[in-house]
Each structure stands twice: as C-alpha cells, then as structure tokens.
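Peer 1: Handing you this structure, nothing more for now.
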Amino acid sequence: MKVLVIDIGGSNIKILATGQPDRIKIPSGDMFTPQQLVPLVIENAKGWEYEAISIGFPGVVKNGKIVTDPVNMGKGWREFDFASAFGCPVKIINDAAMQALGSYEGGKLLFMGFGTGLGTAMVYEDLILPLEGGHLPFKLGTFETHVGNGAMKKLGKPKWKEHVYQTIAHFNHCFQPDQIVLGGGNSKLLDNIPDNCRLGSNKNAFTGGFRLWEKSYKY
C-alpha cells in the first residue's frame with residue numbers, strides 16, 4: 001500500500017510518501033488549523049502516489065479520533081473529518097506513539113520524546129499504548145514542566161539534563177521496559193545515554209506511519 005505520512009508539529013508539518021526520497025517541511029504555527037493543513041499538504045504532495053494517509057498528531061487521540069485541540073496550534077482539530085477532506089482512508093495516532101512504532105524492534109519499548117514538552121508512548125508486539133506521562137506530578141510541577149523547552153531556558157542546560165536523567169530513571173522504574181528510545185530534538189543534547197536506552201530519530205515517525213497500514217495494531 002502506498003501511504004502518505006503527515007507528522008504534525010507546532011513549528012512545522014512534515015510529510016513523506018511511500019517511495020519518495022525526501023520529506024517536505026511545511027511551516028505551521030500557533031494559529032495553524034486543519035483547514036489550512038489540507039490544501040497545503042495536497043499542494044506539496046502533488047505528483048506523489050498514495051492511497052491512504054497516516055497522521056501523527058501532538059495531542060490525545062482515542063479510537064482514531066482527536067480528543068482535544070493542541071495547546072500550541074489553532075482550533076478545530078477535534079471535529080475535523082480528515083478522510084473526507086483528503087478523499088482517502090486516514091489513520092490518526094498520537095505523534096509520540098507513531099515515533100514509538102517506527103522505533104520498535106521487539107520486546108516492550110518505551111518511547112520518550114524530549115522537545116517542546118515530553119511525549120511518551122509504549123509498544124509491545126501489536127499493542128501501541130499512547131501515554132500522557134509528561135503530565136504526571138514531579139517535584140513542584142509535572143515532568144513536562146521540568147524537562148520541556150521552557151525548563152531548559154529557565155534553568156539552564158546542566159540542571160535541565162539532571163531533570164531529564166531523573167525522569168528517565170523514574171519512567172524506567174515505573175514501566176519496566178526492555179528498552180527506552182530517547183527521541184525529540186533535545187535528546188541529542190544529552191552527554192551520556194543511560195543504560196537500557198538508545199537515541200531515536202525523527203525519521204522513525206515516518207516509519208511508524210507506514211507501519212500503521214502493514215497490519216492491524218491495537219491503539
């Protein structure tokens with residue numbers, strides 16, 4: 001099956017289709033809406049062949065439906081009918097879950113994406129489990145408020161890294177994964193990769209989007 005994968009972010013939308021050598025970036029922003037997304041994707045994907053679409057969405061997705069509008073973009077995502085707008089079948093999944101699936105190599109995998117906030121998800125065989133682990137309480141806030149971009153700017157990189165290593169240790173102890181994949185742009189700032197962890201790649205989001213159509217996953 002030829003699939004178009006759309007990875008939605010607060011700064012950029014990234015797209016890639018089966019058989020294409022390079023992804024395309026499309027600027028988004030804090031007022032970006034699905035009504036703006038669709039024509040931009042169609043225009044930028046002109047000439048690409050695809051019969052289905054996977055969307056990685058930065059928010060809560062349940063039963064293939066967007067539950068809440070994203071914090072750092074515009075409104076209207078929750079009610080939007082992507083299948084009708086694109087004219088083909090569409091599968092929607094949390095963006096961290098899509099990266100987790102693309103990073104999966106077997107066993108019980110925990111994905112932790114360190115970027116604007118903290119994206120978390122697990123994969124075990126054909127089960128994809130999106131998590132909102134970044135919103136769990138930590139110190140005087142949440143894990144996300146201590147390891148997100150805002151915390152790094154406020155506290156400085158040394159203290160931020162200390163919080164990141166503590167967060168990884170807590171999640172490792174809680175979820176007992178066979179392996180942890182560290183993703184997101186800020187994971188590359190870590191000096192040492194803890195035991196049982198490996199660095200991921202943003203390209204894995206596209207691998208996850210393609211894999212969504214390869215078999216029937218539970219998510």
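By order in the structure tokens, chains are A, B, ...; within a chain, residues start at 1; ligands start at 1, following the order shown.
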Quick one: residues within 8 Å of stretch 165-178 of chain A, only C-alpha atoms, excluding same-chain residues fewer than 6 positions away - as a PyMOL selection string?
Peer 2: chain A and resi 107-110+143+194+196
Peer 1: Hey, what's within 10 Å of A:Gly200 if we count only C-alpha atoms and toss same-chain stuff fewer than 6 positions away? As a list in words, please?
Peer 2: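 Near A:Gly200, the qualifying residues are Gln99, Ala100, Gly102, Ser103, Phe111, Met112, Gly113, Ile180, Val181, Leu182, Gly183, Gly184, Gly185, Ser187 and Lys188 of chain A.
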Peer 1: Write a file of the selected residues as a CSV table (one decimal), in the first residue's frame, keeping N, CA, C and O atoms.
Peer 2:
chain,number,residue,atom,x,y,z
A,99,GLN,N,6.0,7.7,16.5
A,99,GLN,CA,7.5,7.5,16.6
A,99,GLN,C,7.9,6.3,17.3
A,99,GLN,O,8.9,5.6,17.0
A,100,ALA,N,7.1,5.9,18.4
A,100,ALA,CA,7.4,4.7,19.1
A,100,ALA,C,7.3,3.5,18.2
A,100,ALA,O,8.1,2.6,18.2
A,102,GLY,N,7.6,3.4,15.0
A,102,GLY,CA,8.7,3.4,14.0
A,102,GLY,C,10.0,3.0,14.6
A,102,GLY,O,10.9,2.6,13.9
A,103,SER,N,10.1,3.1,15.9
A,103,SER,CA,11.4,2.8,16.6
A,103,SER,C,11.4,1.3,17.1
A,103,SER,O,12.5,0.8,17.5
A,111,PHE,N,9.0,4.8,24.6
A,111,PHE,CA,9.5,6.0,23.8
A,111,PHE,C,9.3,7.2,24.7
A,111,PHE,O,8.3,7.5,25.3
A,112,MET,N,10.4,8.1,24.8
A,112,MET,CA,10.3,9.3,25.5
A,112,MET,C,10.9,10.4,24.6
A,112,MET,O,12.0,10.4,24.2
A,113,GLY,N,10.0,11.3,24.2
A,113,GLY,CA,10.4,12.4,23.3
A,113,GLY,C,10.6,13.7,24.0
A,113,GLY,O,9.6,14.3,24.5
A,180,ILE,N,14.4,1.7,26.2
A,180,ILE,CA,13.8,3.1,26.1
A,180,ILE,C,14.5,3.7,24.9
A,180,ILE,O,15.7,3.7,24.7
A,181,VAL,N,13.6,4.3,24.0
A,181,VAL,CA,14.1,5.1,22.9
A,181,VAL,C,13.9,6.6,23.3
A,181,VAL,O,12.8,7.0,23.6
A,182,LEU,N,15.0,7.3,23.2
A,182,LEU,CA,15.0,8.8,23.5
A,182,LEU,C,14.9,9.5,22.2
A,182,LEU,O,15.8,9.5,21.4
A,183,GLY,N,13.8,10.2,22.0
A,183,GLY,CA,13.6,11.0,20.8
A,183,GLY,C,13.4,12.5,21.1
A,183,GLY,O,13.6,12.9,22.2
A,184,GLY,N,12.9,13.2,20.1
A,184,GLY,CA,12.7,14.6,20.2
A,184,GLY,C,14.0,15.3,20.0
A,184,GLY,O,15.1,14.8,20.2
A,185,GLY,N,14.0,16.6,19.5
A,185,GLY,CA,15.2,17.3,19.2
A,185,GLY,C,16.2,17.5,20.3
A,185,GLY,O,17.4,17.5,20.1
A,187,SER,N,16.9,15.4,22.8
A,187,SER,CA,17.6,14.2,23.3
A,187,SER,C,19.0,14.2,22.8
A,187,SER,O,19.9,13.6,23.5
A,188,LYS,N,19.3,14.9,21.8
A,188,LYS,CA,20.7,15.0,21.2
A,188,LYS,C,21.6,15.8,22.1
A,188,LYS,O,22.8,15.8,21.9
Peer 1: Excluding A:Gly19 and any residue of its chain fewer than 3 positions from it, enumerate the residues within 12 Å of it, using only C-alpha atoms, and give them as a list of chain:residue names.
Peer 2: A:Met1, A:Lys2, A:Val3, A:Leu4, A:Val5, A:Leu16, A:Asp22, A:Arg23, A:Gly47, A:Trp48, A:Glu49, A:Tyr50, A:Phe206, A:Phe210
Peer 1: Mind dumping the selected residues with N, CA, C and O atoms as a JSON list (two decimals), in the first residue's frame?
Peer 2:
[["chain", "number", "residue", "atom", "x", "y", "z"],
["A", 1, "MET", "N", 0.84, -1.19, 0.00],
["A", 1, "MET", "CA", 0.00, 0.00, 0.00],
["A", 1, "MET", "C", 0.88, 1.25, 0.00],
["A", 1, "MET", "O", 1.88, 1.32, 0.72],
["A", 2, "LYS", "N", 0.49, 2.23, -0.80],
["A", 2, "LYS", "CA", 1.23, 3.49, -0.85],
["A", 2, "LYS", "C", 0.59, 4.48, 0.13],
["A", 2, "LYS", "O", -0.60, 4.80, 0.02],
["A", 3, "VAL", "N", 1.42, 4.94, 1.07],
["A", 3, "VAL", "CA", 0.91, 5.73, 2.19],
["A", 3, "VAL", "C", 1.58, 7.11, 2.22],
["A", 3, "VAL", "O", 2.78, 7.23, 1.97],
["A", 4, "LEU", "N", 0.80, 8.12, 2.53],
["A", 4, "LEU", "CA", 1.31, 9.45, 2.80],
["A", 4, "LEU", "C", 1.29, 9.64, 4.32],
["A", 4, "LEU", "O", 0.25, 9.48, 4.95],
["A", 5, "VAL", "N", 2.44, 9.97, 4.89],
["A", 5, "VAL", "CA", 2.54, 10.18, 6.34],
["A", 5, "VAL", "C", 2.66, 11.67, 6.61],
["A", 5, "VAL", "O", 3.48, 12.37, 6.00],
["A", 16, "LEU", "N", 5.83, 12.77, 4.04],
["A", 16, "LEU", "CA", 6.62, 11.85, 3.22],
["A", 16, "LEU", "C", 5.69, 10.74, 2.74],
["A", 16, "LEU", "O", 4.84, 10.26, 3.48],
["A", 22, "ASP", "N", 12.80, 12.11, -0.09],
["A", 22, "ASP", "CA", 12.96, 13.18, 0.91],
["A", 22, "ASP", "C", 11.61, 13.66, 1.44],
["A", 22, "ASP", "O", 10.64, 13.78, 0.69],
["A", 23, "ARG", "N", 11.62, 13.97, 2.71],
["A", 23, "ARG", "CA", 10.42, 14.56, 3.32],
["A", 23, "ARG", "C", 10.32, 16.03, 2.94],
["A", 23, "ARG", "O", 11.31, 16.66, 2.53],
["A", 47, "GLY", "N", 2.00, 15.03, -7.29],
["A", 47, "GLY", "CA", 2.89, 14.13, -8.02],
["A", 47, "GLY", "C", 3.24, 12.87, -7.24],
["A", 47, "GLY", "O", 3.77, 11.92, -7.82],
["A", 48, "TRP", "N", 2.96, 12.87, -5.94],
["A", 48, "TRP", "CA", 3.20, 11.68, -5.13],
["A", 48, "TRP", "C", 1.98, 10.75, -5.23],
["A", 48, "TRP", "O", 0.84, 11.23, -5.24],
["A", 49, "GLU", "N", 2.23, 9.47, -5.27],
["A", 49, "GLU", "CA", 1.14, 8.49, -5.30],
["A", 49, "GLU", "C", 0.89, 7.97, -3.89],
["A", 49, "GLU", "O", 1.81, 7.53, -3.22],
["A", 50, "TYR", "N", -0.36, 8.03, -3.46],
["A", 50, "TYR", "CA", -0.73, 7.47, -2.16],
["A", 50, "TYR", "C", -2.22, 7.13, -2.18],
["A", 50, "TYR", "O", -3.01, 7.78, -2.85],
["A", 206, "PHE", "N", 8.02, 8.58, 10.38],
["A", 206, "PHE", "CA", 7.52, 8.17, 9.07],
["A", 206, "PHE", "C", 7.46, 6.65, 8.97],
["A", 206, "PHE", "O", 6.51, 6.09, 8.42],
["A", 210, "PHE", "N", 4.09, 4.45, 8.11],
["A", 210, "PHE", "CA", 3.97, 3.41, 7.09],
["A", 210, "PHE", "C", 3.54, 2.08, 7.72],
["A", 210, "PHE", "O", 2.71, 1.35, 7.18]]
Peer 1: So that I can check the surroundings of A:Trp77, please list as a list in words every protein, DNA and RNA residue that reaches within 7 Å of it, counting only C-alpha atoms and ignoring chain neighbours fewer than 3 positions away.
Peer 2: Thr33, Pro34, Ile66, Asp69 and Phe80 of chain A
Peer 1: Here is a test: counting only C-alpha atoms, which residue of A:Lys215, A:Lys65, A:Lys91, A:His146 is nearest to A:Gly115?
Peer 2: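 Of A:Lys215, A:Lys65, A:Lys91, A:His146, the one nearest A:Gly115, counting only C-alpha atoms, is A:His146.
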Peer 1: For the alpha helix (DSSP H) assignment from backbone DSSP, which residues of stretch 20-133 of chain A qualify? Please present them as a list of chain:residue names.
Peer 2: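 Filtering stretch 20-133 of chain A to alpha helix (DSSP H) leaves A:Pro34, A:Gln35, A:Gln36, A:Leu37, A:Val38, A:Pro39, A:Leu40, A:Val41, A:Ile42, A:Glu43, A:Asn44, A:Phe82, A:Ala83, A:Ser84, A:Ala85, A:Phe86, A:Asp95, A:Ala96, A:Ala97, A:Met98, A:Gln99, A:Ala100, A:Leu101, A:Gly102, A:Ser103.
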Peer 1: As a PyMOL selection string, please: the residues near A:Ile128 (cut-off 9 Å, only C-alpha atoms, same-chain neighbours under 3 positions excluded).
Peer 2: chain A and resi 97-98+100-101+121-125+217-219
Peer 1: Would you please work out which residue, of A:Ile193, A:Leu136, A:Ile53, A:Val71, is nearest to A:Gly10 when using only C-alpha atoms?
Peer 2: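 Nearest to A:Gly10: A:Val71.
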Peer 1: Do you know which residues are at most 12 Å from A:Asp81 counting only C-alpha atoms, after dropping those on the same chain fewer than 5 positions away, and could you put them as a list in words?
Peer 2: Pro34, Gln35, Val38, Gly64, Lys65, Ile66, Gly76, Phe86, Gly87, Cys88, Pro89, Val90, Lys91 and Ile92 of chain A
Peer 1: Residues as selected, N, CA, C and O atoms, written as a PDB file, in the first residue's frame, can you do that?
Peer 2:
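What ended up in selection-v9.pdb:
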ATOM      1  N   PRO A  34      -6.618  22.746  10.817  1.00  0.00           N
ATOM      2  CA  PRO A  34      -6.716  21.672   9.824  1.00  0.00           C
ATOM      3  C   PRO A  34      -7.205  22.174   8.468  1.00  0.00           C
ATOM      4  O   PRO A  34      -6.869  21.602   7.430  1.00  0.00           O
ATOM      5  N   GLN A  35      -7.998  23.248   8.466  1.00  0.00           N
ATOM      6  CA  GLN A  35      -8.464  23.823   7.203  1.00  0.00           C
ATOM      7  C   GLN A  35      -7.297  24.386   6.390  1.00  0.00           C
ATOM      8  O   GLN A  35      -7.337  24.415   5.154  1.00  0.00           O
ATOM      9  N   VAL A  38      -4.843  20.879   5.096  1.00  0.00           N
ATOM     10  CA  VAL A  38      -5.223  20.008   3.975  1.00  0.00           C
ATOM     11  C   VAL A  38      -4.761  20.541   2.620  1.00  0.00           C
ATOM     12  O   VAL A  38      -4.070  19.834   1.874  1.00  0.00           O
ATOM     13  N   GLY A  64      -8.813   6.447  17.178  1.00  0.00           N
ATOM     14  CA  GLY A  64      -8.586   7.092  15.897  1.00  0.00           C
ATOM     15  C   GLY A  64      -9.183   8.475  15.771  1.00  0.00           C
ATOM     16  O   GLY A  64      -9.219   9.041  14.677  1.00  0.00           O
ATOM     17  N   LYS A  65      -9.654   9.055  16.888  1.00  0.00           N
ATOM     18  CA  LYS A  65     -10.273  10.377  16.869  1.00  0.00           C
ATOM     19  C   LYS A  65      -9.491  11.340  17.761  1.00  0.00           C
ATOM     20  O   LYS A  65      -9.076  10.977  18.861  1.00  0.00           O
ATOM     21  N   ILE A  66      -9.315  12.565  17.287  1.00  0.00           N
ATOM     22  CA  ILE A  66      -8.655  13.595  18.092  1.00  0.00           C
ATOM     23  C   ILE A  66      -9.598  14.037  19.203  1.00  0.00           C
ATOM     24  O   ILE A  66     -10.750  14.409  18.946  1.00  0.00           O
ATOM     25  N   GLY A  76     -10.235  23.587  16.041  1.00  0.00           N
ATOM     26  CA  GLY A  76     -10.975  22.886  15.015  1.00  0.00           C
ATOM     27  C   GLY A  76     -10.470  21.504  14.663  1.00  0.00           C
ATOM     28  O   GLY A  76     -11.026  20.844  13.784  1.00  0.00           O
ATOM     29  N   PHE A  86      -9.404  14.700   2.560  1.00  0.00           N
ATOM     30  CA  PHE A  86      -8.362  14.178   1.681  1.00  0.00           C
ATOM     31  C   PHE A  86      -8.912  13.216   0.624  1.00  0.00           C
ATOM     32  O   PHE A  86      -8.235  12.916  -0.356  1.00  0.00           O
ATOM     33  N   GLY A  87     -10.112  12.682   0.857  1.00  0.00           N
ATOM     34  CA  GLY A  87     -10.712  11.769  -0.099  1.00  0.00           C
ATOM     35  C   GLY A  87     -10.083  10.393  -0.126  1.00  0.00           C
ATOM     36  O   GLY A  87     -10.072   9.727  -1.168  1.00  0.00           O
ATOM     37  N   CYS A  88      -9.578   9.951   1.028  1.00  0.00           N
ATOM     38  CA  CYS A  88      -9.000   8.607   1.122  1.00  0.00           C
ATOM     39  C   CYS A  88      -8.989   8.174   2.592  1.00  0.00           C
ATOM     40  O   CYS A  88      -9.189   9.002   3.489  1.00  0.00           O
ATOM     41  N   PRO A  89      -8.763   6.878   2.876  1.00  0.00           N
ATOM     42  CA  PRO A  89      -8.732   6.419   4.269  1.00  0.00           C
ATOM     43  C   PRO A  89      -7.612   7.096   5.059  1.00  0.00           C
ATOM     44  O   PRO A  89      -6.503   7.297   4.536  1.00  0.00           O
ATOM     45  N   VAL A  90      -7.905   7.429   6.312  1.00  0.00           N
ATOM     46  CA  VAL A  90      -6.936   8.114   7.176  1.00  0.00           C
ATOM     47  C   VAL A  90      -6.895   7.427   8.540  1.00  0.00           C
ATOM     48  O   VAL A  90      -7.940   7.103   9.110  1.00  0.00           O
ATOM     49  N   LYS A  91      -5.681   7.181   9.034  1.00  0.00           N
ATOM     50  CA  LYS A  91      -5.490   6.711  10.409  1.00  0.00           C
ATOM     51  C   LYS A  91      -4.761   7.801  11.185  1.00  0.00           C
ATOM     52  O   LYS A  91      -3.732   8.317  10.734  1.00  0.00           O
ATOM     53  N   ILE A  92      -5.308   8.145  12.363  1.00  0.00           N
ATOM     54  CA  ILE A  92      -4.719   9.190  13.202  1.00  0.00           C
ATOM     55  C   ILE A  92      -4.222   8.558  14.498  1.00  0.00           C
ATOM     56  O   ILE A  92      -4.918   7.745  15.114  1.00  0.00           O
TER      57      ILE A  92
END
Peer 1: Can you measure atom CA of A:Pro39 to atom CA of A:Asn63 for me? One decimal in Å is fine.
Peer 2: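 Distance reported for this atom pair: 25.3 Å.
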Peer 1: Identify all residues of stretch 60-155 of chain A in strand (DSSP E) (DSSP on the backbone) and supply them as a PyMOL selection string.
Peer 2: chain A and resi 61-62+65-66+90-94+108-114+118-124+127-131+137-138+141-142
Peer 1: Would you mind reading off the distance between atom CA of A:Glu43 and atom CA of A:Arg211, one decimal, in Å?
Peer 2: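 One can read the atom CA of A:Glu43 to atom CA of A:Arg211 distance as 24.3 Å.
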Peer 1: Tell me, as a ChimeraX atom specification, which residues lie within 6 Å of stretch 148-156 of chain A, counting only C-alpha atoms; anything in the same chain fewer than 3 positions away does not count.
Peer 2: /A:115-117,144-145,159-160
Peer 1: Go ahead and save the picked residues with N, CA, C and O atoms, as a CSV table (one decimal), in the first residue's frame.
Peer 2:
chain,number,residue,atom,x,y,z
A,115,GLY,N,11.2,17.4,23.7
A,115,GLY,CA,11.1,18.6,22.8
A,115,GLY,C,10.5,19.7,23.5
A,115,GLY,O,10.9,20.1,24.6
A,116,THR,N,9.4,20.3,22.9
A,116,THR,CA,8.7,21.4,23.5
A,116,THR,C,8.2,20.9,24.9
A,116,THR,O,8.2,21.7,25.8
A,117,GLY,N,7.7,19.7,24.9
A,117,GLY,CA,7.3,19.1,26.2
A,117,GLY,C,7.9,17.7,26.3
A,117,GLY,O,9.1,17.5,26.0
A,144,GLU,N,6.8,17.3,32.5
A,144,GLU,CA,6.9,18.1,31.4
A,144,GLU,C,7.4,19.5,31.7
A,144,GLU,O,8.2,20.1,31.0
A,145,THR,N,7.0,20.1,32.8
A,145,THR,CA,7.4,21.4,33.2
A,145,THR,C,8.9,21.4,33.6
A,145,THR,O,9.5,22.5,33.7
A,159,LYS,N,21.2,21.9,34.7
A,159,LYS,CA,20.1,21.5,35.6
A,159,LYS,C,19.0,20.7,34.8
A,159,LYS,O,18.4,19.8,35.3
A,160,TRP,N,18.7,21.2,33.6
A,160,TRP,CA,17.8,20.5,32.7
A,160,TRP,C,18.2,19.1,32.5
A,160,TRP,O,17.4,18.2,32.6
